[in-house]
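Asks: File follows, structure13.txt with compact mmCIF, C-alpha atoms:
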```
# COMPACT_ATOMS: atom_id res chain seq x y z
CA MET A 1 -10.13 39.08 30.25
CA LYS A 2 -7.10 40.85 28.92
CA ALA A 3 -5.56 40.93 32.37
CA LEU A 4 -5.59 37.12 32.21
CA LYS A 5 -3.64 37.24 28.94
CA VAL A 6 -1.01 39.56 30.42
CA MET A 7 -0.65 37.19 33.37
CA LEU A 8 -0.51 34.21 31.01
CA LEU A 9 2.52 35.65 29.21
CA LEU A 10 4.34 36.02 32.53
CA ILE A 11 3.41 32.42 33.39
CA LEU A 12 4.64 31.28 29.98
CA PHE A 13 8.01 32.87 30.60
CA VAL A 14 8.40 30.80 33.78
CA PHE A 15 6.64 27.67 32.54
CA LEU A 16 8.27 27.16 29.16
CA PRO A 17 12.05 27.79 29.41
CA SER A 18 12.68 24.48 31.18
CA CYS A 19 11.70 22.50 28.07
CA SER A 20 14.67 20.65 26.63
CA ASN A 21 14.54 22.29 23.20
CA ASP A 22 14.27 25.77 24.77
CA LYS A 23 11.51 26.68 22.29
CA ARG A 24 8.59 27.05 24.69
CA ILE A 25 8.75 30.42 26.37
CA ILE A 26 6.69 31.99 26.55
CA HIS A 27 -14.13 55.55 12.81
CA GLU A 28 -13.11 59.98 14.68
CA LEU A 29 -14.55 58.08 17.68
CA HIS A 30 -16.73 55.41 16.15
CA GLN A 31 -20.47 55.93 16.27
CA TYR A 32 -21.57 53.68 19.07
CA GLN A 33 -24.08 51.03 18.05
CA THR A 34 -27.53 51.99 19.20
CA ASN A 35 -30.71 50.17 20.00
CA LEU A 36 -33.83 50.82 22.07
CA GLU A 37 -31.87 50.56 25.32
CA TYR A 38 -28.79 52.46 24.08
CA LYS A 39 -30.33 55.50 22.37
CA THR A 40 -28.62 58.89 22.53
CA TYR A 41 -30.23 61.28 24.97
CA GLU A 42 -30.43 64.93 23.93
CA LYS A 43 -30.82 66.30 27.46
CA GLU A 44 -28.38 65.68 30.30
CA SER A 45 -31.30 65.23 32.69
CA GLU A 46 -32.50 62.35 30.53
CA ARG A 47 -29.01 60.78 30.56
CA PHE A 48 -28.94 61.06 34.36
CA SER A 49 -32.30 59.35 34.60
CA PHE A 50 -30.99 56.65 32.28
CA ARG A 51 -27.89 56.03 34.41
CA SER A 52 -29.90 55.97 37.62
CA ARG A 53 -31.77 52.94 36.31
CA ILE A 54 -28.76 50.72 37.01
CA VAL A 55 -29.60 48.16 39.69
CA PRO A 56 -26.66 47.26 42.00
CA LEU A 57 -25.92 43.59 42.54
CA HIS A 58 -26.51 42.13 46.02
CA GLU A 59 -24.64 38.84 46.41
CA PRO A 60 -22.58 38.02 49.55
CA ASN A 61 -20.99 34.98 47.87
CA LEU A 62 -19.89 36.82 44.74
CA ASN A 63 -16.50 35.65 43.47
CA ARG A 64 -16.35 38.08 40.56
CA ILE A 65 -18.06 39.34 37.46
CA THR A 66 -16.53 37.23 34.70
CA SER A 67 -17.52 38.87 31.41
CA TRP A 68 -20.09 40.74 29.39
CA TYR A 69 -23.01 38.86 27.88
CA GLY A 70 -24.35 41.50 25.51
CA ASN A 71 -24.39 45.25 26.17
CA HIS A 72 -26.45 45.37 29.39
CA GLU A 73 -25.99 41.91 30.84
CA VAL A 74 -22.99 40.31 32.55
CA LEU A 75 -22.06 36.84 33.75
CA ILE A 76 -21.36 36.59 37.49
CA LEU A 77 -19.59 33.80 39.36
CA VAL A 78 -20.95 32.81 42.75
CA ASN A 79 -19.16 30.40 45.13
CA ASP A 80 -21.03 29.24 48.24
CA GLY A 81 -18.36 26.79 49.46
CA ILE A 82 -20.24 23.81 48.06
CA SER A 83 -20.59 24.65 44.38
CA SER A 84 -19.79 27.27 41.75
CA ARG A 85 -22.68 28.95 40.01
CA LEU A 86 -22.61 31.07 36.87
CA GLU A 87 -25.52 33.50 36.50
CA LYS A 88 -26.68 36.02 33.94
CA TYR A 89 -27.31 39.43 35.56
CA ASN A 90 -29.14 42.30 33.85
CA PHE A 91 -28.01 45.55 35.49
CA TYR A 92 -31.01 47.49 34.15
CA THR A 93 -33.65 45.19 35.62
CA GLY A 94 -31.74 43.38 38.37
CA LYS A 95 -32.93 40.06 36.94
CA ARG A 96 -30.73 37.04 37.63
CA ASP A 97 -30.86 33.65 35.92
CA VAL A 98 -28.72 30.62 36.72
CA PHE A 99 -26.79 29.72 33.58
CA TYR A 100 -24.51 26.91 34.80
CA LYS A 101 -23.84 25.15 38.08
CA SER A 102 -20.93 22.89 38.97
CA SER A 103 -19.59 21.05 42.01
CA ASP A 104 -16.11 21.93 40.68
CA PHE A 105 -14.46 25.34 41.04
CA ILE A 106 -14.95 27.50 37.94
CA MET A 107 -11.65 29.04 36.83
CA GLN A 108 -12.55 30.97 33.68
CA VAL A 109 -15.55 31.84 31.54
CA GLN A 110 -15.28 32.80 27.87
CA PRO A 111 -18.39 33.68 25.78
CA ASN A 112 -17.94 33.78 22.02
CA SER A 113 -18.45 36.93 19.95
CA ASN A 114 -22.23 36.63 19.52
CA ASN A 115 -23.04 34.84 22.81
CA THR A 116 -24.17 31.65 21.09
CA TYR A 117 -21.63 29.59 23.05
CA VAL A 118 -19.87 29.92 26.39
CA ALA A 119 -16.69 27.98 27.22
CA ILE A 120 -15.99 27.27 30.89
CA GLU A 121 -12.92 25.78 32.55
CA SER A 122 -13.38 24.25 36.00
CA LYS A 123 -10.99 22.38 38.31
CA ASP A 124 -11.92 19.15 40.08
CA ILE A 125 -10.50 17.85 43.36
CA SER A 126 -7.61 16.18 41.49
CA ASN A 127 -6.72 19.44 39.73
CA ASN A 128 -7.95 18.18 36.36
CA SER A 129 -9.46 20.79 34.06
CA ILE A 130 -13.08 20.28 33.04
CA LEU A 131 -13.87 22.00 29.75
CA ALA A 132 -17.61 22.62 29.33
CA ILE A 133 -19.21 24.36 26.35
CA LEU A 134 -22.79 25.56 26.66
CA ASN A 135 -25.15 27.05 24.09
CA ALA A 136 -27.12 30.28 24.60
CA GLU A 137 -29.83 28.43 26.53
CA GLY A 138 -27.29 26.95 28.94
CA ASP A 139 -27.52 23.44 27.51
CA MET A 140 -24.34 21.37 27.48
CA VAL A 141 -22.83 21.01 24.00
CA LEU A 142 -19.51 19.47 25.01
CA GLN A 143 -17.79 18.42 28.20
CA LYS A 144 -14.45 16.72 28.71
CA LYS A 145 -11.84 16.23 31.42
CA ILE A 146 -8.22 17.11 30.64
CA ALA A 147 -5.28 16.41 32.97
CA VAL A 148 -3.59 19.79 32.50
CA ASP A 149 -2.29 22.63 34.65
CA PHE A 150 -4.44 25.16 32.83
CA LEU A 151 -6.16 25.94 29.53
CA GLU A 152 -6.18 29.00 27.35
CA LEU A 153 -9.47 29.49 25.48
CA ALA A 154 -9.83 31.76 22.42
CA TRP A 155 -13.00 32.00 20.36
CA SER A 156 -12.58 33.03 16.73
CA PRO A 157 -13.86 36.59 16.10
CA TYR A 158 -14.73 35.47 12.57
CA ALA A 159 -16.36 32.05 13.04
CA PRO A 160 -18.38 31.98 16.30
CA SER A 161 -18.40 28.18 16.46
CA SER A 162 -14.59 27.86 16.32
CA LEU A 163 -12.71 27.61 19.61
CA MET A 164 -8.93 27.39 19.95
CA VAL A 165 -7.81 25.51 23.07
CA THR A 166 -4.21 25.62 24.28
CA SER A 167 -3.46 22.95 26.90
CA TYR A 168 -0.51 23.26 29.30
CA TYR A 169 0.42 19.85 30.76
CA PRO A 170 2.36 19.13 33.98
CA SER A 171 5.04 17.51 31.79
CA LEU A 172 5.65 21.00 30.31
CA GLN A 173 4.26 19.81 26.98
CA THR A 174 1.65 21.91 25.20
CA THR A 175 -0.97 21.22 22.55
CA ILE A 176 -3.06 23.62 20.47
CA GLU A 177 -6.35 22.46 19.00
CA VAL A 178 -9.07 24.23 17.01
CA MET A 179 -12.56 22.84 17.51
CA ASP A 180 -15.45 23.63 15.17
CA LEU A 181 -18.64 22.95 17.12
CA GLU A 182 -20.98 23.28 14.13
CA GLN A 183 -19.00 20.96 11.88
CA GLN A 184 -17.97 18.74 14.80
CA GLU A 185 -14.38 18.81 13.61
CA LYS A 186 -11.08 19.42 15.35
CA GLN A 187 -7.57 20.11 14.15
CA GLU A 188 -4.25 20.21 15.97
CA LEU A 189 -1.94 23.12 15.21
CA HIS A 190 1.74 22.24 15.26
CA ILE A 191 3.02 25.54 16.62
CA GLU A 192 4.00 26.82 20.06
CA PRO A 193 2.00 29.14 22.35
CA TYR A 194 1.32 32.04 22.89
CA VAL A 195 -1.39 31.93 20.12
CA GLN A 196 -4.33 34.17 19.19
CA TRP A 197 -6.60 34.50 16.15
CA PHE A 198 -5.40 36.77 13.34
CA SER A 199 -8.05 36.21 10.65
CA LYS A 200 -10.66 33.59 9.78
CA ASP A 201 -8.04 31.13 8.54
CA GLN A 202 -4.93 32.36 10.36
CA VAL A 203 -3.55 32.55 13.88
CA ALA A 204 -0.66 34.59 15.24
CA TYR A 205 1.99 33.10 17.50
CA PHE A 206 5.29 33.96 19.13
CA ASP A 207 8.26 32.32 17.41
CA TRP A 208 10.53 31.31 20.33
CA ASN A 209 13.17 29.56 18.16
CA ASN A 210 15.89 31.99 19.20
CA GLY A 211 15.65 30.93 22.85
CA ALA A 212 14.27 32.47 26.03
CA SER A 213 13.34 36.11 25.61
CA LEU A 214 10.78 38.62 26.85
CA GLN A 215 10.35 39.81 23.26
CA ALA A 216 9.87 37.58 20.25
CA PRO A 217 8.93 37.71 16.58
CA ILE A 218 5.28 37.30 15.63
CA LYS A 219 4.47 34.85 12.87
CA ILE A 220 1.17 34.22 11.09
CA TYR A 221 0.15 30.59 10.58
CA ASN A 222 -2.49 29.46 8.08
CA ILE A 223 -4.44 26.65 9.75
CA HIS A 224 -5.41 25.12 6.39
CA SER A 225 -2.22 25.38 4.31
CA THR A 226 0.09 25.26 7.41
CA THR A 227 2.24 27.98 5.82
CA THR A 228 3.76 30.79 7.89
CA GLN A 229 4.46 34.50 7.35
CA HIS A 230 6.56 36.96 9.35
CA LEU A 231 4.72 39.95 10.87
CA SER A 232 6.96 41.61 13.47
CA GLN A 233 10.49 41.14 14.72
CA ASN A 234 10.07 41.90 18.43
CA ALA A 235 6.80 42.14 20.35
CA ILE A 236 5.75 41.62 23.96
CA LEU A 237 1.99 41.12 23.58
CA PHE A 238 -0.74 40.84 20.96
CA ASP A 239 -4.50 40.39 20.61
CA SER A 240 -7.26 40.71 18.00
CA ILE A 241 -10.86 41.64 17.22
CA PRO A 242 -12.68 41.28 13.88
CA ASN A 243 -10.67 43.01 11.12
CA TYR A 244 -7.87 44.29 13.37
CA PHE A 245 -4.82 42.86 15.10
CA MET A 246 -2.87 44.68 17.83
CA TYR A 247 0.65 44.15 19.09
CA MET A 248 3.00 46.06 21.41
CA GLU A 249 6.70 46.72 20.90
CA PHE A 250 9.09 48.08 23.53
CA LYS A 251 11.03 51.20 22.51
CA GLU A 252 13.19 52.72 25.26
CA ASP A 253 10.75 54.36 27.73
CA VAL A 254 7.57 53.84 25.67
CA LEU A 255 5.47 51.01 24.36
CA ASN A 256 4.45 51.39 20.74
CA VAL A 257 0.94 50.00 20.23
CA LYS A 258 0.40 49.02 16.59
CA PHE A 259 -2.83 48.10 14.80
CA VAL A 260 -2.80 45.99 11.65
CA ASP A 261 -5.51 45.25 9.08
CA SER A 262 -5.94 41.48 9.32
CA THR A 263 -6.78 41.19 5.62
CA THR A 264 -3.91 43.19 4.12
CA GLN A 265 -1.50 42.88 7.09
CA ASN A 266 -0.80 46.61 6.62
CA GLU A 267 -0.42 48.89 9.63
CA VAL A 268 -3.53 51.04 10.14
CA ASN A 269 -2.51 53.22 13.09
CA SER A 270 -0.30 53.29 16.15
CA PHE A 271 0.36 55.28 19.31
CA ASP A 272 2.95 55.39 22.09
CA THR A 273 2.20 54.89 25.76
CA PRO A 274 4.62 55.39 28.70
CA VAL A 275 6.24 52.31 30.18
CA LEU A 276 7.15 51.63 33.80
CA ASP A 277 10.48 49.93 34.55
CA SER A 278 9.89 46.77 36.59
CA HIS A 279 13.57 46.38 37.65
CA ALA A 280 12.76 42.66 37.76
CA GLY A 281 13.80 41.34 34.38
CA TYR A 282 10.46 41.69 32.66
CA ILE A 283 8.81 44.42 30.59
CA TRP A 284 5.79 46.02 32.26
CA SER A 285 2.69 45.98 30.09
CA PRO A 286 -0.52 47.91 30.75
CA ILE A 287 -3.98 46.42 31.16
CA PHE A 288 -6.11 46.83 28.02
CA ASP A 289 -9.31 45.69 26.36
CA TRP A 290 -11.31 46.54 23.29
CA SER A 291 -14.93 46.35 22.27
CA SER A 292 -15.62 43.73 19.65
CA THR A 293 -18.13 45.70 17.54
CA SER A 294 -16.92 49.31 17.64
CA ASN A 295 -13.16 49.26 16.87
CA LEU A 296 -12.51 51.04 20.18
CA PHE A 297 -9.38 50.11 22.13
CA PHE A 298 -9.23 50.82 25.88
CA ILE A 299 -6.03 50.99 27.91
CA PHE A 300 -4.80 52.17 31.31
CA GLU A 301 -1.93 54.55 30.55
CA ALA A 302 0.69 55.55 33.09
CA LYS A 303 0.72 59.36 33.22
CA GLN A 304 4.49 59.36 32.82
CA ALA A 305 7.35 56.92 32.44
CA GLY A 306 9.19 55.85 35.56
CA SER A 307 9.90 53.08 38.04
CA LEU A 308 7.06 50.65 38.69
CA ILE A 309 8.16 50.30 42.33
CA ASP A 310 8.05 54.02 43.10
CA TYR A 311 5.33 55.11 40.68
CA ASN A 312 2.46 57.04 42.34
CA HIS A 313 1.20 59.42 39.65
CA GLY A 314 -1.98 57.54 38.77
CA TYR A 315 -3.28 56.20 35.51
CA GLN A 316 -5.59 57.40 32.78
CA LEU A 317 -8.17 55.14 31.18
CA ILE A 318 -8.18 56.19 27.55
CA VAL A 319 -10.19 55.09 24.53
CA TYR A 320 -8.51 54.94 21.14
CA ASP A 321 -10.43 54.81 17.86
CA VAL A 322 -8.40 52.39 15.77
CA GLN A 323 -9.76 53.52 12.42
CA ALA A 324 -9.66 57.28 13.05
CA GLY A 325 -6.40 57.19 15.02
CA LYS A 326 -7.81 59.40 17.80
CA LYS A 327 -7.35 59.11 21.54
CA GLN A 328 -9.71 60.38 24.24
CA ASP A 329 -9.42 60.44 28.03
CA VAL A 330 -12.17 58.65 29.94
CA VAL A 331 -11.31 58.79 33.64
CA SER A 332 -8.29 59.07 35.93
CA VAL A 333 -7.64 56.38 38.57
CA ASP A 334 -5.05 55.85 41.27
CA GLU A 335 -4.35 52.20 40.57
CA ILE A 336 -4.59 49.86 37.58
CA THR A 337 -7.40 47.33 37.88
CA ASN A 338 -8.96 44.58 35.82
CA LEU A 339 -10.77 45.91 32.76
CA ASP A 340 -13.55 44.51 30.59
CA CYS A 341 -15.51 46.67 28.13
CA SER A 342 -18.94 46.10 26.60
CA PRO A 343 -19.20 44.98 22.96
CA ASN A 344 -20.61 48.34 21.86
CA GLY A 345 -17.98 50.38 23.74
CA GLU A 346 -20.49 52.28 25.91
CA TRP A 347 -19.37 50.82 29.23
CA CYS A 348 -16.34 49.31 30.93
CA LEU A 349 -16.14 47.19 34.05
CA MET A 350 -13.20 47.95 36.38
CA GLY A 351 -11.94 46.63 39.70
CA ALA A 352 -10.62 43.46 41.30
CA GLN A 353 -14.04 41.82 40.85
CA LEU A 354 -14.99 44.05 37.91
CA GLU A 355 -17.41 45.59 40.38
CA ASN A 356 -17.38 49.17 39.03
CA LEU A 357 -19.22 50.31 35.91
CA VAL A 358 -17.76 53.23 33.93
CA ASP A 359 -19.83 55.32 31.52
CA ILE A 360 -17.39 55.90 28.65
CA ASN A 361 -19.26 59.00 27.42
CA THR A 362 -19.06 60.83 30.76
CA GLY A 363 -16.32 59.09 32.77
CA GLU A 364 -18.75 58.55 35.64
CA ILE A 365 -18.01 55.50 37.79
CA MET A 366 -20.92 53.64 39.36
CA LYS A 367 -20.88 50.77 41.86
CA LEU A 368 -22.34 47.74 40.16
CA VAL A 369 -21.82 45.58 43.25
CA ASN A 370 -23.35 46.79 46.50
CA GLU A 371 -20.54 47.09 49.08
CA LYS A 372 -22.87 45.79 51.81
CA SER A 373 -23.56 42.54 49.92
```
Taking this structure as input, can you express it in the form of structure tokens?
Replies:
Amino acid sequence: MKALKVMLLLILFVFLPSCSNDKRIIHELHQYQTNLEYKTYEKESERFSFRSRIVPLHEPNLNRITSWYGNHEVLILVNDGISSRLEKYNFYTGKRDVFYKSSDFIMQVQPNSNNTYVAIESKDISNNSILAILNAEGDMVLQKKIAVDFLELAWSPYAPSSLMVTSYYPSLQTTIEVMDLEQQEKQELHIEPYVQWFSKDQVAYFDWNNGASLQAPIKIYNIHSTTTQHLSQNAILFDSIPNYFMYMEFKEDVLNVKFVDSTTQNEVNSFDTPVLDSHAGYIWSPIFDWSSTSNLFFIFEAKQAGSLIDYNHGYQLIVYDVQAGKKQDVVSVDEITNLDCSPNGEWCLMGAQLENLVDINTGEIMKLVNEKS
């Protein structure tokens, strides 16, 4: 869902400046985890047989694939005009199981790091947000209605029962709350969005005190002591997985992508990627994702710097090993699409509906959704 985060920052830039105080603007490639279904095949013929086991999805009412739910199962959103239905789909077996059904329109789906909880935002007929949290069996753990324009949901990579909810109200006010489902506790954070987890006890946020800007300092906020630390002077985007924090800085015709150890706050590695000039007052940022258990960072790179309007040179999906500091090409594409990669880093979903499955080891692209559905 990193495309959603890129879009959110653009929304923040429009949504927040009108506030009166002007503060709200917004290891070498890691050994892939293996199990009985993800063993390494010694013969290419065996790998081909393995890939051919993938069962395409047939669903005429498919809205989109929303997210991974393990390494060989995804969550799919189906809208039939009457209700929204969230299903688990195993692309090895073709098995489908209804996970959640609602008469309201499902907007976003966010599983936590170990799939023990799934947070879902829906919209009712009055445009209220319905926040539902389900456990692994699909049983309702929490449900509440919130009169907001939209929510941002961020599960802690360190504490699977902790969910950070940022609420954006029609009044242009915002609130940030951390909920601990196991302890049944909640705490409001008195900082401004955009906010993401940094470590178990810390979150990172943009400090907009200097007024409206497309770049802003990143500060680290301790949710227990409420103390803050400075991390970076000017950044355009950031995100995290367990142990690592990433942020991007604009430098002339490149974006510098930096990776920080979340314990020491020391820089681990970095690389530059070409930037495309939007000519529209904002800094173009590429679509990216990373796998939560393998320290692999995936990004669509422009093949050269240039104008976003006239650019027609294609893009390269690359995988970057954060710990080893090594980059590897995966596949070349004509256009940037949505991107969501499996926890173990073996696969990525691409496309408007995340309908294409990419084998990261070979670069082969397979249709996960049957075009005749």
Asks: Counting all atoms listed in the file, which residue out of A:Leu86, A:Leu276, A:Val178, A:Leu255 sits closest to A:His224?
Replies: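 Between A:Leu86, A:Leu276, A:Val178, A:Leu255, the residue approaching A:His224 most closely is A:Val178.
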Asks: Do a neighbour search on stretch 114-118 of chain A at 8 Å with all atoms listed in the file, toss out local chain neighbours closer than 2 positions, and write the hits as number ranges by chain.
Replies: A: 69-70, 109-112, 120, 133-136, 160-161
Asks: Taking all atoms listed in the file into account, which of A:Ser167, A:Asn243, A:Ser213, A:Thr337 comes nearest A:Asn128?
Replies: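 Between A:Ser167, A:Asn243, A:Ser213, A:Thr337, the residue approaching A:Asn128 most closely is A:Ser167.
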Asks: Taking 5 positions as the minimum chain separation for residues in the same chain, which residues sit within 9 Å of A:Asn361 when counting all atoms listed in the file? Answer as JSON, numbers by chain.
Replies: {"A": [330, 346, 347]}
Asks: Selected residues, C-alpha atoms, written as a PDB file, keeping the file's coordinate frame, please.
Replies:
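Result file result_35.pdb:
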```pdb
ATOM      1  CA  VAL A 330     -12.170  58.650  29.940  1.00  0.00           C
ATOM      2  CA  GLU A 346     -20.490  52.280  25.910  1.00  0.00           C
ATOM      3  CA  TRP A 347     -19.370  50.820  29.230  1.00  0.00           C
TER       4      TRP A 347
END
```
Asks: Within 8 Å of A:Glu301, counting only C-alpha atoms, which residues show up once you throw out same-chain ones fewer than 6 positions away? Write them as a PDB file with C-alpha atoms, in the coordinates of the input, please.
Replies:
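For reference, out_22.pdb as written:
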```
ATOM      1  CA  THR A 273       2.200  54.890  25.760  1.00  0.00           C
ATOM      2  CA  PRO A 274       4.620  55.390  28.700  1.00  0.00           C
ATOM      3  CA  PRO A 286      -0.520  47.910  30.750  1.00  0.00           C
ATOM      4  CA  TYR A 315      -3.280  56.200  35.510  1.00  0.00           C
ATOM      5  CA  GLN A 316      -5.590  57.400  32.780  1.00  0.00           C
ATOM      6  CA  LEU A 317      -8.170  55.140  31.180  1.00  0.00           C
ATOM      7  CA  ILE A 318      -8.180  56.190  27.550  1.00  0.00           C
TER       8      ILE A 318
END
```
Asks: Restricting the calculation to all atoms listed in the file: of A:Thr66, A:Asn312, A:Ser332, A:Ser84, which residue gets closest to A:Val358?
Replies: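 Ranking A:Thr66, A:Asn312, A:Ser332, A:Ser84 by distance to A:Val358, first place goes to A:Ser332.
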Asks: May I ask which of the residues A:Ile299, A:Ile241, A:Ile223, A:Ile309 is the closest one to A:Lys327, counting all atoms listed in the file?
Replies: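 Residue with the minimum atom-to-atom distance to A:Lys327: A:Ile299.
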Asks: Which one of A:Gln173, A:Thr293, A:Ser232, A:Ser129 sits closest to A:Lys258 if you count all atoms listed in the file?
Replies: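 Smallest distance to A:Lys258 is found for A:Ser232.
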Asks: If we count all atoms listed in the file and set the cut-off at 7 Å, which residues sit around A:Phe238, ignoring sequence neighbours fewer than 3 positions away in its own chain? Please answer as a list in words.
Replies: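 Here the qualifying residues turn out to be Met246, Tyr247 and Met248 of chain A.
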Asks: Which residue out of A:Glu182, A:Asp261, A:Glu137, A:Asp201 has the minimum interatomic distance to A:Tyr158 when only C-alpha atoms are used?
Replies: A:Asp201
Asks: Which neighbours of A:Gln202 fall inside 10 Å, counting all atoms listed in the file, when residues of the same chain fewer than 5 positions from it are skipped, and could you give them as a count of residues only?
Replies: 13
Asks: Do you have the atom CA of A:Gln328-atom CA of A:Lys303 distance handy?
Replies: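 Between atom CA of A:Gln328 and atom CA of A:Lys303 the gap works out to 13.8 Å.
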Asks: Between atom CA of A:Glu364 and atom CA of A:Phe91, what is the distance, to one decimal in Å?
Replies: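 Distance reported for this atom pair: 16.0 Å.
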